[in-house]
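Below is one structure, written out as structure tokens; comments come after it.
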Amino acid sequence: MTTTPQAVRRASPRTRRAATPPDPARPLLPNTEPVRLLDPTGTPLPARTDYPEPPVEVLRELYRRMVLGRRFDTQATALTKQGRLAVYPSSRGQEACQVGAVLAVRDTDWVFPTYRESMALVARGIDPVEVLTLLRGDWHCGYDPTEVHTAPQCTPLATQCVHAAGLAYGEAYQGRDTVALAFIGDGATSEGDFHEGINFAAVFKAPVVFFVQNNRYAISVPLSRQTAAPSLAYKGVGYGVPSEQVDGNDPVAVLAVLTRAVAHARAGNGPFLVEAHTYRMEAHTNADDASRYRDGAEVDAWRDRDPVARLETYLRARGVLDDAAVAELAEQAEAYAADLRTRMNEQPTVDPMSLFDHVYAEPTPQLIEQREQVRAELAAARDEEGDA
Ligand SMILES: Cc1ncc(C[n+]2csc(CCOP(=O)(O)OP(=O)(O)O)c2C)c(N)n1
Ligand SMILES: [Mg+2]
């Protein structure tokens with residue numbers, strides 16, 4: 001019997017090599033290089049089909065809010081020196097992330113910020129005095145979370161991930177297409193609450209975008225002591241969550257990547273994880289001395305990747321920004337900062353009894369007892385003052 005070529009091609013199943021099944025993890029993995037649409041000098045890179053560039057009017061608005069955001073940030077730092085703020089964690093250098101992220105969501109979506117996100121909240125349109133209320137030392141967050149769809153700024157690391165997952169699940173359960181945007185830092189991805197939040201969201205397909213701002217430090221702990229993962233975006237695959245990494249100092253890329261992540265979640269596909277590679281230019285807070293754990297050369301290298309200058313260069317080259325527009329915006333930013341200063345210099349009036357309001361819908365007997373005790377102590381102090 002002669003063997004025809006067709007017979008060889010129809011080799012028996014035993015002799016045929018088993019086809020490799022498609023790798024189910026592959027679609028979940030981020031690009032091996034962070035997505036970038038502008039180079040560090042603001043020159044556009046070749047257009048990409050996976051991340052189309054946002055419309056130019058949106059980029060102008062992004063720039064406007066970044067300039068105001070940076071001015072807000074320097075003003076808040078100055079207010080700590082004047083004793084008007086107890087503490088302020090600056091996000092200078094992270095403007096592309098702070099503003100790009102909130103521009104990617106709707107007003108009806110929910111934002112879950114950390115203590116680092118004051119700039120994001122003012123970019124979302126919340127009154128800056130309200131945003132700084134908690135950092136001023138008041139007992140409440142300043143704004144009504146349900147009115148502005150923004151949770152209070154979270155200081156216990158990663159707890160906001162669990163809140164975001166729960167809210168997103170509840171909204172979807174009630175038939176609404178709300179997305180929850182949870183901000184989180186690089187260090188906080190080591191916390192149990194990050195695991196619980198992302199795992200719950202993945203299993204129950206809750207529409208959450210987990211947005212990791214990897215600013216390379218958790219106070220003094222550098223990323224190299226935080227994780228051995230090749231990138232924090234790779235953490236998504238273990239939970240079955242698609243992920244991406246982006247140049248966090250490229251405002252155009254941050255907005256493009258987050259827009260796609262938000263659309264993914266809104267369409268009912270479950271959560272998405274984005275890691276933005278960025279850098280905190282200032283110390284952790286005004287109470288920290290960053291020169292004790294990082295050197296000036298490192299900071300200088302990141303100064304050259306400034307996100308505000310990068311977008312400005314690009315918009316000028318596109319012909320939608322000129323000297324006059326830049327000067328006008330600088331003037332607006334000064335007026336904005338002056339108004340913030342004036343209002344923060346007004347002494348707040350705080351009623352100590354309000355401490356007992358809003359703790360429970362119905363106060364417990366213990367709370368009522370404590371409230372009466374404080375009331376009596378305050379009355380006694382007033383009597384003493386009167387006698388003196
Ligand atoms: C559960 C918990 N543990 C520890 C702290 C103390 N703490 C405050 S900020 C911080 C570092 C967080 O770093 P990262 O998540 O990278 O965010 P970044 O401050 O850089 O924005 C730590 C350890 C805390 N607030 N909550
Ligand atoms: Mg960090």
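As shown in the structure tokens, the chain order sets the letters A, B, ...; within each chain, residues go from 1, and ligands are also counted from 1 in the order they appear.
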Mind listing the residues within 10 Å of ligand 1, only C-alpha atoms and all ligand atoms counted, as a compact mmCIF listing (two decimals) with N, CA and C atoms, in the first residue's frame?
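Once everything was written out, this is result-v2.txt:
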# COMPACT_ATOMS: atom_id res chain seq x y z
N PRO A 89 -1.67 65.20 53.01
CA PRO A 89 -0.89 64.33 52.13
C PRO A 89 -0.95 64.89 50.71
N SER A 90 0.15 65.41 50.23
CA SER A 90 0.17 66.04 48.91
C SER A 90 0.10 65.00 47.79
N SER A 91 -0.52 65.39 46.68
CA SER A 91 -0.47 64.51 45.50
C SER A 91 0.21 65.22 44.32
N GLN A 94 1.15 63.65 40.89
CA GLN A 94 0.16 62.62 40.56
C GLN A 94 -1.09 63.23 39.92
N THR A 114 -8.80 57.67 48.99
CA THR A 114 -8.00 57.57 50.21
C THR A 114 -7.64 59.00 50.65
N TYR A 115 -6.89 59.08 51.73
CA TYR A 115 -6.39 60.38 52.22
C TYR A 115 -5.59 61.13 51.17
N ARG A 116 -5.06 60.45 50.14
CA ARG A 116 -4.19 61.07 49.14
C ARG A 116 -5.00 61.84 48.09
N GLU A 117 -6.35 61.63 48.08
CA GLU A 117 -7.13 62.07 46.92
C GLU A 117 -7.83 63.42 47.06
N CYS A 154 -10.57 57.73 52.98
CA CYS A 154 -10.32 56.60 53.87
C CYS A 154 -8.86 56.60 54.34
N THR A 155 -8.66 56.58 55.64
CA THR A 155 -7.30 56.48 56.15
C THR A 155 -6.90 55.03 56.46
N PRO A 156 -7.80 54.20 57.01
CA PRO A 156 -7.40 52.78 57.19
C PRO A 156 -7.18 52.16 55.82
N LEU A 157 -5.96 51.73 55.56
CA LEU A 157 -5.58 51.32 54.20
C LEU A 157 -6.48 50.23 53.64
N ALA A 158 -6.89 50.42 52.40
CA ALA A 158 -7.59 49.43 51.56
C ALA A 158 -9.03 49.14 51.97
N THR A 159 -9.48 49.69 53.09
CA THR A 159 -10.86 49.38 53.51
C THR A 159 -11.86 49.88 52.47
N PHE A 183 -9.81 54.17 44.57
CA PHE A 183 -8.40 54.54 44.53
C PHE A 183 -7.66 53.68 45.57
N ILE A 184 -6.43 53.34 45.28
CA ILE A 184 -5.62 52.63 46.27
C ILE A 184 -4.14 52.86 45.96
N GLY A 185 -3.31 52.85 47.01
CA GLY A 185 -1.88 53.06 46.81
C GLY A 185 -1.14 51.74 46.61
N ASP A 186 0.11 51.81 46.20
CA ASP A 186 0.91 50.60 45.98
C ASP A 186 1.03 49.77 47.26
N GLY A 187 1.35 50.46 48.37
CA GLY A 187 1.53 49.74 49.64
C GLY A 187 0.26 49.05 50.08
N ALA A 188 -0.86 49.71 49.88
CA ALA A 188 -2.13 49.18 50.37
C ALA A 188 -2.57 47.92 49.61
N THR A 189 -1.95 47.63 48.45
CA THR A 189 -2.31 46.38 47.76
C THR A 189 -1.78 45.16 48.52
N SER A 190 -0.97 45.39 49.56
CA SER A 190 -0.52 44.26 50.40
C SER A 190 -1.53 43.96 51.51
N GLU A 191 -2.56 44.77 51.62
CA GLU A 191 -3.52 44.62 52.73
C GLU A 191 -4.59 43.57 52.41
N GLY A 192 -5.08 42.93 53.45
CA GLY A 192 -6.14 41.93 53.30
C GLY A 192 -7.40 42.51 52.68
N ASP A 193 -7.72 43.74 53.00
CA ASP A 193 -8.96 44.33 52.47
C ASP A 193 -8.91 44.51 50.95
N VAL A 212 -4.85 51.63 41.09
CA VAL A 212 -3.67 51.66 41.94
C VAL A 212 -2.74 52.78 41.47
N GLN A 213 -2.52 53.75 42.34
CA GLN A 213 -1.50 54.75 42.02
C GLN A 213 -0.21 54.26 42.65
N ASN A 214 0.63 53.70 41.82
CA ASN A 214 1.92 53.22 42.31
C ASN A 214 2.89 54.40 42.29
N ASN A 215 2.96 55.09 43.45
CA ASN A 215 3.87 56.25 43.52
C ASN A 215 5.21 55.85 44.13
N ARG A 216 5.45 54.53 44.17
CA ARG A 216 6.74 53.92 44.50
C ARG A 216 7.11 53.88 45.97
N TYR A 217 6.29 54.47 46.81
CA TYR A 217 6.57 54.43 48.25
C TYR A 217 5.29 54.25 49.06
N ALA A 218 5.41 53.54 50.17
CA ALA A 218 4.38 53.50 51.20
C ALA A 218 5.07 54.14 52.42
N ILE A 219 4.84 55.40 52.61
CA ILE A 219 5.65 56.25 53.49
C ILE A 219 7.12 56.03 53.10
N SER A 220 7.91 55.36 53.97
CA SER A 220 9.34 55.20 53.64
C SER A 220 9.65 53.85 53.00
N VAL A 221 8.63 53.00 52.83
CA VAL A 221 8.89 51.66 52.29
C VAL A 221 8.85 51.70 50.76
N PRO A 222 9.99 51.42 50.09
CA PRO A 222 9.98 51.47 48.63
C PRO A 222 9.28 50.25 48.04
N LEU A 223 8.90 50.36 46.79
CA LEU A 223 8.18 49.28 46.12
C LEU A 223 8.94 47.95 46.18
N GLN A 226 8.02 46.04 49.01
CA GLN A 226 6.57 45.86 49.14
C GLN A 226 6.10 44.60 48.44
N TYR A 279 4.74 59.03 40.66
CA TYR A 279 5.71 59.36 41.72
C TYR A 279 5.15 60.47 42.60
N ARG A 280 5.34 60.31 43.91
CA ARG A 280 4.92 61.35 44.85
C ARG A 280 6.09 62.32 44.98
N ALA A 283 6.84 64.89 50.32
CA ALA A 283 6.92 63.86 51.36
C ALA A 283 5.54 63.19 51.52
N HIS A 284 5.50 62.11 52.28
CA HIS A 284 4.23 61.38 52.48
C HIS A 284 3.13 62.33 52.96
N THR A 285 3.45 63.10 54.00
CA THR A 285 2.59 64.21 54.46
C THR A 285 3.54 65.30 54.93
Worksheet item: Using only C-alpha atoms, which residues sit within 10 Å of segment 78-80 of chain A once same-chain residues fewer than 5 positions away are excluded, as a count of residues only?
Response: 15
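If you measure from each of A:Cys141, A:Ala337, A:Ala101, A:Val262 to Gln75 of chain A using only C-alpha atoms, the closest one turns out to be A:Ala337.
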Practice prompt. Select, from A:Leu62, A:Met281, A:Val374, A:Ala381, the residue with the minimum atom-to-atom distance to ligand 2, counting only C-alpha atoms and all ligand atoms.
Written response: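 With only C-alpha atoms and all ligand atoms as the atom set, the closest residue is A:Met281.
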Discussion item. Considering only strand (DSSP E) as DSSP defines it on the backbone, what residues of segment 172-304 of chain A qualify? List them as a list in words.
Written reply: Ala180, Leu181, Ala182, Phe183, Ile184, Gly185, Val208, Val209, Phe210, Phe211, Val212, Gln213, Asn214, Tyr217, Ala218, Val221, Pro222, Ser243, Glu244, Gln245, Val246, Asp247, Phe272, Leu273, Val274, Glu275, Ala276 and His277 of chain A
Worksheet item: Within 12 Å of Arg26 of chain A, counting only C-alpha atoms, which residues qualify if same-chain residues fewer than 5 places away don't, as an MDAnalysis selection string?
Response: chainID A and resid 21 31:32 234 236:238 240:243
What would the file look like if the residues just selected were written as a short mmCIF file (atom, residue, chain, number, x, y, z; two decimals), in the first residue's frame with all heavy atoms?
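Output saved as result05.cif:
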data_model
loop_
_atom_site.label_atom_id
_atom_site.label_comp_id
_atom_site.auth_asym_id
_atom_site.auth_seq_id
_atom_site.Cartn_x
_atom_site.Cartn_y
_atom_site.Cartn_z
N PRO A 21 -4.32 24.03 24.45
CA PRO A 21 -5.55 24.81 24.70
C PRO A 21 -5.21 26.27 24.92
O PRO A 21 -4.11 26.59 25.39
CB PRO A 21 -6.12 24.17 25.99
CG PRO A 21 -4.99 23.45 26.62
CD PRO A 21 -3.98 23.14 25.55
N ASN A 31 -0.63 44.82 29.41
CA ASN A 31 0.48 44.99 28.47
C ASN A 31 1.79 44.89 29.24
O ASN A 31 1.86 45.28 30.42
CB ASN A 31 0.39 46.36 27.80
CG ASN A 31 -0.51 46.35 26.59
OD1 ASN A 31 -0.19 45.75 25.57
ND2 ASN A 31 -1.67 46.98 26.70
N THR A 32 2.83 44.38 28.59
CA THR A 32 4.09 44.20 29.31
C THR A 32 4.76 45.54 29.61
O THR A 32 5.53 45.67 30.55
CB THR A 32 5.06 43.28 28.53
OG1 THR A 32 5.08 43.72 27.19
CG2 THR A 32 4.62 41.84 28.59
N TYR A 234 -0.27 42.84 37.66
CA TYR A 234 -0.32 41.38 37.57
C TYR A 234 -1.10 40.75 38.71
O TYR A 234 -1.45 39.58 38.67
CB TYR A 234 1.10 40.79 37.52
CG TYR A 234 1.75 40.95 36.16
CD1 TYR A 234 2.48 42.10 35.87
CD2 TYR A 234 1.62 39.98 35.19
CE1 TYR A 234 3.07 42.27 34.63
CE2 TYR A 234 2.21 40.15 33.93
CZ TYR A 234 2.92 41.29 33.67
OH TYR A 234 3.49 41.46 32.44
N GLY A 236 -4.05 41.23 39.34
CA GLY A 236 -5.43 40.97 38.90
C GLY A 236 -5.66 39.53 38.48
O GLY A 236 -6.70 38.95 38.77
N VAL A 237 -4.66 38.93 37.81
CA VAL A 237 -4.88 37.61 37.20
C VAL A 237 -5.27 36.55 38.23
O VAL A 237 -6.10 35.68 37.97
CB VAL A 237 -3.66 37.18 36.35
CG1 VAL A 237 -2.43 36.94 37.20
CG2 VAL A 237 -3.99 35.95 35.52
N GLY A 238 -4.71 36.64 39.41
CA GLY A 238 -5.01 35.66 40.46
C GLY A 238 -6.47 35.70 40.90
O GLY A 238 -6.98 34.74 41.48
N GLY A 240 -8.86 36.60 38.62
CA GLY A 240 -9.68 36.52 37.41
C GLY A 240 -10.13 37.90 36.94
O GLY A 240 -11.15 38.04 36.30
N VAL A 241 -9.32 38.92 37.27
CA VAL A 241 -9.69 40.30 36.92
C VAL A 241 -8.76 40.83 35.83
O VAL A 241 -7.54 40.82 36.00
CB VAL A 241 -9.61 41.21 38.18
CG1 VAL A 241 -9.82 42.68 37.81
CG2 VAL A 241 -10.62 40.77 39.22
N PRO A 242 -9.32 41.29 34.71
CA PRO A 242 -8.45 41.87 33.68
C PRO A 242 -7.78 43.14 34.18
O PRO A 242 -8.36 43.87 34.99
CB PRO A 242 -9.41 42.19 32.52
CG PRO A 242 -10.77 42.19 33.11
CD PRO A 242 -10.73 41.33 34.35
N SER A 243 -6.57 43.38 33.71
CA SER A 243 -5.75 44.46 34.28
C SER A 243 -4.98 45.18 33.18
O SER A 243 -4.76 44.65 32.11
CB SER A 243 -4.74 43.87 35.26
OG SER A 243 -5.39 43.02 36.16
#
Discussion item. If we count only C-alpha atoms and set the cut-off at 9 Å, which residues sit around segment 46-52 of chain A, ignoring sequence neighbours fewer than 4 positions away in its own chain? Please answer as a count of residues only.
Written reply: 8
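Closest approach to ligand 2 among A:Ala361, A:Leu232, A:Val67, A:Ile198 is made by A:Leu232 (distances from only C-alpha atoms and all ligand atoms).
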Practice prompt. Quote the spacing between atom CA of Asp306 of chain A and atom CA of Val99 of chain A in Å to one decimal place.
Written response: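 Atom CA of Val99 of chain A lies at a distance of 14.2 Å from atom CA of Asp306 of chain A.
Using only C-alpha atoms, the nearest neighbour of Ala267 of chain A within the list A:Asp177, A:Glu61, A:Asp383, A:Asp144 is A:Asp177.
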Worksheet entry | Residue among A:Pro22, A:Pro44, A:Gly69, A:Pro30 lying closest to Val122 of chain A, counting only C-alpha atoms |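 Once distances to Val122 of chain A are computed over only C-alpha atoms, the minimum belongs to A:Gly69.
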Worksheet item: Using only C-alpha atoms and all ligand atoms, which of the listed residues (A:Ala180, A:Leu378, A:Ala276, A:Leu132) sits closest to ligand 2?
Response: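 Of A:Ala180, A:Leu378, A:Ala276, A:Leu132, the one nearest ligand 2 is A:Ala276, counting only C-alpha atoms and all ligand atoms.
Around Leu258 of chain A, within 10 Å and counting only C-alpha atoms, the residues found are Tyr51, Cys97, Gly100, Ala101, Val102, Leu103, Ala104, Val105, Leu181, Val209, Phe210, Phe211, Glu244, Val246, Ala253, Val254, Val262, Ala263, His264, Phe272, Leu273 and Val274 of chain A, once anything fewer than 4 positions away on its own chain is removed.
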Discussion item. Could you tell me how far atom CA of His195 of chain A sits from atom CA of Ala229 of chain A, in Å to one decimal place?
Written reply: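 Spanning atom CA of Ala229 of chain A to atom CA of His195 of chain A is a straight-line distance of 14.9 Å.
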Worksheet entry | helix (DSSP H, G or I) call set, DSSP backbone run, segment 198-361 of chain A, as an MDAnalysis selection string | chainID A and resid 198:203 223:225 232:239 251:269 290:292 296:303 307:317 323:345 352:356
Residue selection dump (C-alpha atoms) as a tab-separated table (two decimals), in the first residue's frame:
chain	number	residue	atom	x	y	z
A	198	ILE	CA	-11.21	42.54	44.58
A	199	ASN	CA	-12.05	38.88	45.16
A	200	PHE	CA	-15.66	39.67	46.07
A	201	ALA	CA	-15.99	42.01	43.10
A	202	ALA	CA	-14.60	39.38	40.73
A	203	VAL	CA	-16.76	36.51	41.98
A	223	LEU	CA	8.18	49.28	46.12
A	224	SER	CA	11.08	46.80	46.10
A	225	ARG	CA	10.31	45.98	49.77
A	232	LEU	CA	1.06	45.48	40.62
A	233	ALA	CA	-1.27	45.09	37.63
A	234	TYR	CA	-0.32	41.38	37.57
A	235	LYS	CA	-2.14	40.97	40.86
A	236	GLY	CA	-5.43	40.97	38.90
A	237	VAL	CA	-4.88	37.61	37.20
A	238	GLY	CA	-5.01	35.66	40.46
A	239	TYR	CA	-8.53	36.95	41.01
A	251	PRO	CA	-2.51	62.38	31.36
A	252	VAL	CA	-3.78	61.35	27.92
A	253	ALA	CA	-2.96	57.68	28.51
A	254	VAL	CA	-4.41	57.66	32.05
A	255	LEU	CA	-7.71	59.03	30.78
A	256	ALA	CA	-7.76	56.62	27.81
A	257	VAL	CA	-7.03	53.55	29.93
A	258	LEU	CA	-9.49	54.46	32.67
A	259	THR	CA	-12.21	55.27	30.14
A	260	ARG	CA	-11.90	51.75	28.79
A	261	ALA	CA	-11.77	50.20	32.27
A	262	VAL	CA	-14.92	52.08	33.31
A	263	ALA	CA	-16.73	51.04	30.12
A	264	HIS	CA	-15.76	47.41	30.81
A	265	ALA	CA	-17.25	47.56	34.31
A	266	ARG	CA	-20.35	49.46	33.22
A	267	ALA	CA	-21.10	46.91	30.50
A	268	GLY	CA	-21.52	44.22	33.17
A	269	ASN	CA	-18.16	42.49	32.70
A	290	ALA	CA	11.36	62.16	52.64
A	291	SER	CA	15.07	63.04	52.40
A	292	ARG	CA	15.69	60.36	55.03
A	296	GLY	CA	17.39	64.02	45.39
A	297	ALA	CA	18.56	62.54	42.08
A	298	GLU	CA	15.57	60.20	42.05
A	299	VAL	CA	13.17	63.08	42.67
A	300	ASP	CA	14.87	65.17	39.96
A	301	ALA	CA	14.48	62.37	37.42
A	302	TRP	CA	10.73	62.37	38.03
A	303	ARG	CA	10.57	66.17	37.87
A	307	PRO	CA	2.43	65.54	33.92
A	308	VAL	CA	1.19	69.15	33.81
A	309	ALA	CA	4.06	70.36	31.59
A	310	ARG	CA	3.66	67.26	29.42
A	311	LEU	CA	0.01	67.94	28.63
A	312	GLU	CA	0.65	71.65	28.20
A	313	THR	CA	3.33	70.98	25.56
A	314	TYR	CA	1.01	68.62	23.73
A	315	LEU	CA	-1.99	70.96	23.73
A	316	ARG	CA	0.16	73.88	22.56
A	317	ALA	CA	1.44	71.74	19.68
A	323	ASP	CA	0.27	81.92	26.12
A	324	ALA	CA	-2.91	83.95	26.69
A	325	ALA	CA	-4.95	80.88	27.72
A	326	VAL	CA	-2.16	79.66	30.03
A	327	ALA	CA	-1.89	83.10	31.67
A	328	GLU	CA	-5.67	83.33	32.12
A	329	LEU	CA	-5.77	79.93	33.75
A	330	ALA	CA	-2.88	80.85	36.06
A	331	GLU	CA	-4.90	83.89	37.14
A	332	GLN	CA	-7.97	81.74	37.81
A	333	ALA	CA	-5.81	79.37	39.85
A	334	GLU	CA	-4.52	82.26	41.98
A	335	ALA	CA	-8.05	83.51	42.62
A	336	TYR	CA	-9.12	79.96	43.53
A	337	ALA	CA	-6.23	79.64	46.02
A	338	ALA	CA	-6.93	83.10	47.52
A	339	ASP	CA	-10.57	82.19	48.09
A	340	LEU	CA	-9.52	78.92	49.74
A	341	ARG	CA	-7.06	80.77	52.01
A	342	THR	CA	-9.66	83.30	53.08
A	343	ARG	CA	-12.26	80.70	53.89
A	344	MET	CA	-9.80	78.41	55.68
A	345	ASN	CA	-8.69	81.36	57.83
A	352	PRO	CA	-19.18	69.63	70.83
A	353	MET	CA	-22.64	68.12	71.29
A	354	SER	CA	-22.84	67.36	67.55
A	355	LEU	CA	-20.28	64.64	68.24
A	356	PHE	CA	-23.17	62.45	69.38
Item to complete: Tell me, as JSON, numbers by chain, which residues lie within 9 Å of Glu130 of chain A, counting only C-alpha atoms; anything in the same chain fewer than 4 positions away does not count.
Response: {"A": [126, 134, 141, 142, 143]}
Residue selection dump (all heavy atoms) as a CSV table (one decimal), in the first residue's frame:
chain,number,residue,atom,x,y,z
A,126,ILE,N,-16.1,69.1,44.2
A,126,ILE,CA,-16.5,69.3,45.6
A,126,ILE,C,-15.8,70.5,46.1
A,126,ILE,O,-14.6,70.8,45.8
A,126,ILE,CB,-16.1,68.0,46.4
A,126,ILE,CG1,-16.8,66.8,45.8
A,126,ILE,CG2,-16.6,68.2,47.9
A,126,ILE,CD1,-16.5,65.5,46.5
A,134,LEU,N,-12.0,67.3,57.0
A,134,LEU,CA,-11.5,66.2,57.9
A,134,LEU,C,-10.0,66.4,58.2
A,134,LEU,O,-9.7,66.2,59.4
A,134,LEU,CB,-11.6,64.9,57.1
A,134,LEU,CG,-11.4,63.6,57.8
A,134,LEU,CD1,-12.5,63.3,58.8
A,134,LEU,CD2,-11.4,62.4,56.8
A,141,CYS,N,-16.6,64.4,57.3
A,141,CYS,CA,-15.8,64.6,56.1
A,141,CYS,C,-16.1,65.8,55.3
A,141,CYS,O,-15.5,66.1,54.3
A,141,CYS,CB,-15.9,63.3,55.2
A,141,CYS,SG,-17.5,63.3,54.3
A,142,GLY,N,-17.0,66.7,55.8
A,142,GLY,CA,-17.2,67.9,55.2
A,142,GLY,C,-18.3,68.0,54.1
A,142,GLY,O,-19.1,68.9,54.1
A,143,TYR,N,-18.4,66.9,53.3
A,143,TYR,CA,-19.5,66.9,52.3
A,143,TYR,C,-20.4,65.8,52.6
A,143,TYR,O,-20.1,64.9,53.4
A,143,TYR,CB,-18.8,66.7,50.9
A,143,TYR,CG,-17.8,65.6,50.8
A,143,TYR,CD1,-18.2,64.3,50.5
A,143,TYR,CD2,-16.4,65.9,51.0
A,143,TYR,CE1,-17.2,63.3,50.4
A,143,TYR,CE2,-15.5,64.8,51.0
A,143,TYR,CZ,-15.9,63.6,50.7
A,143,TYR,OH,-15.0,62.5,50.6
Worksheet entry | Gap from atom CA of His163 of chain A to atom CA of Leu28 of chain A - Å, one decimal |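 Computing the Euclidean distance for atom CA of His163 of chain A and atom CA of Leu28 of chain A yields 23.7 Å.
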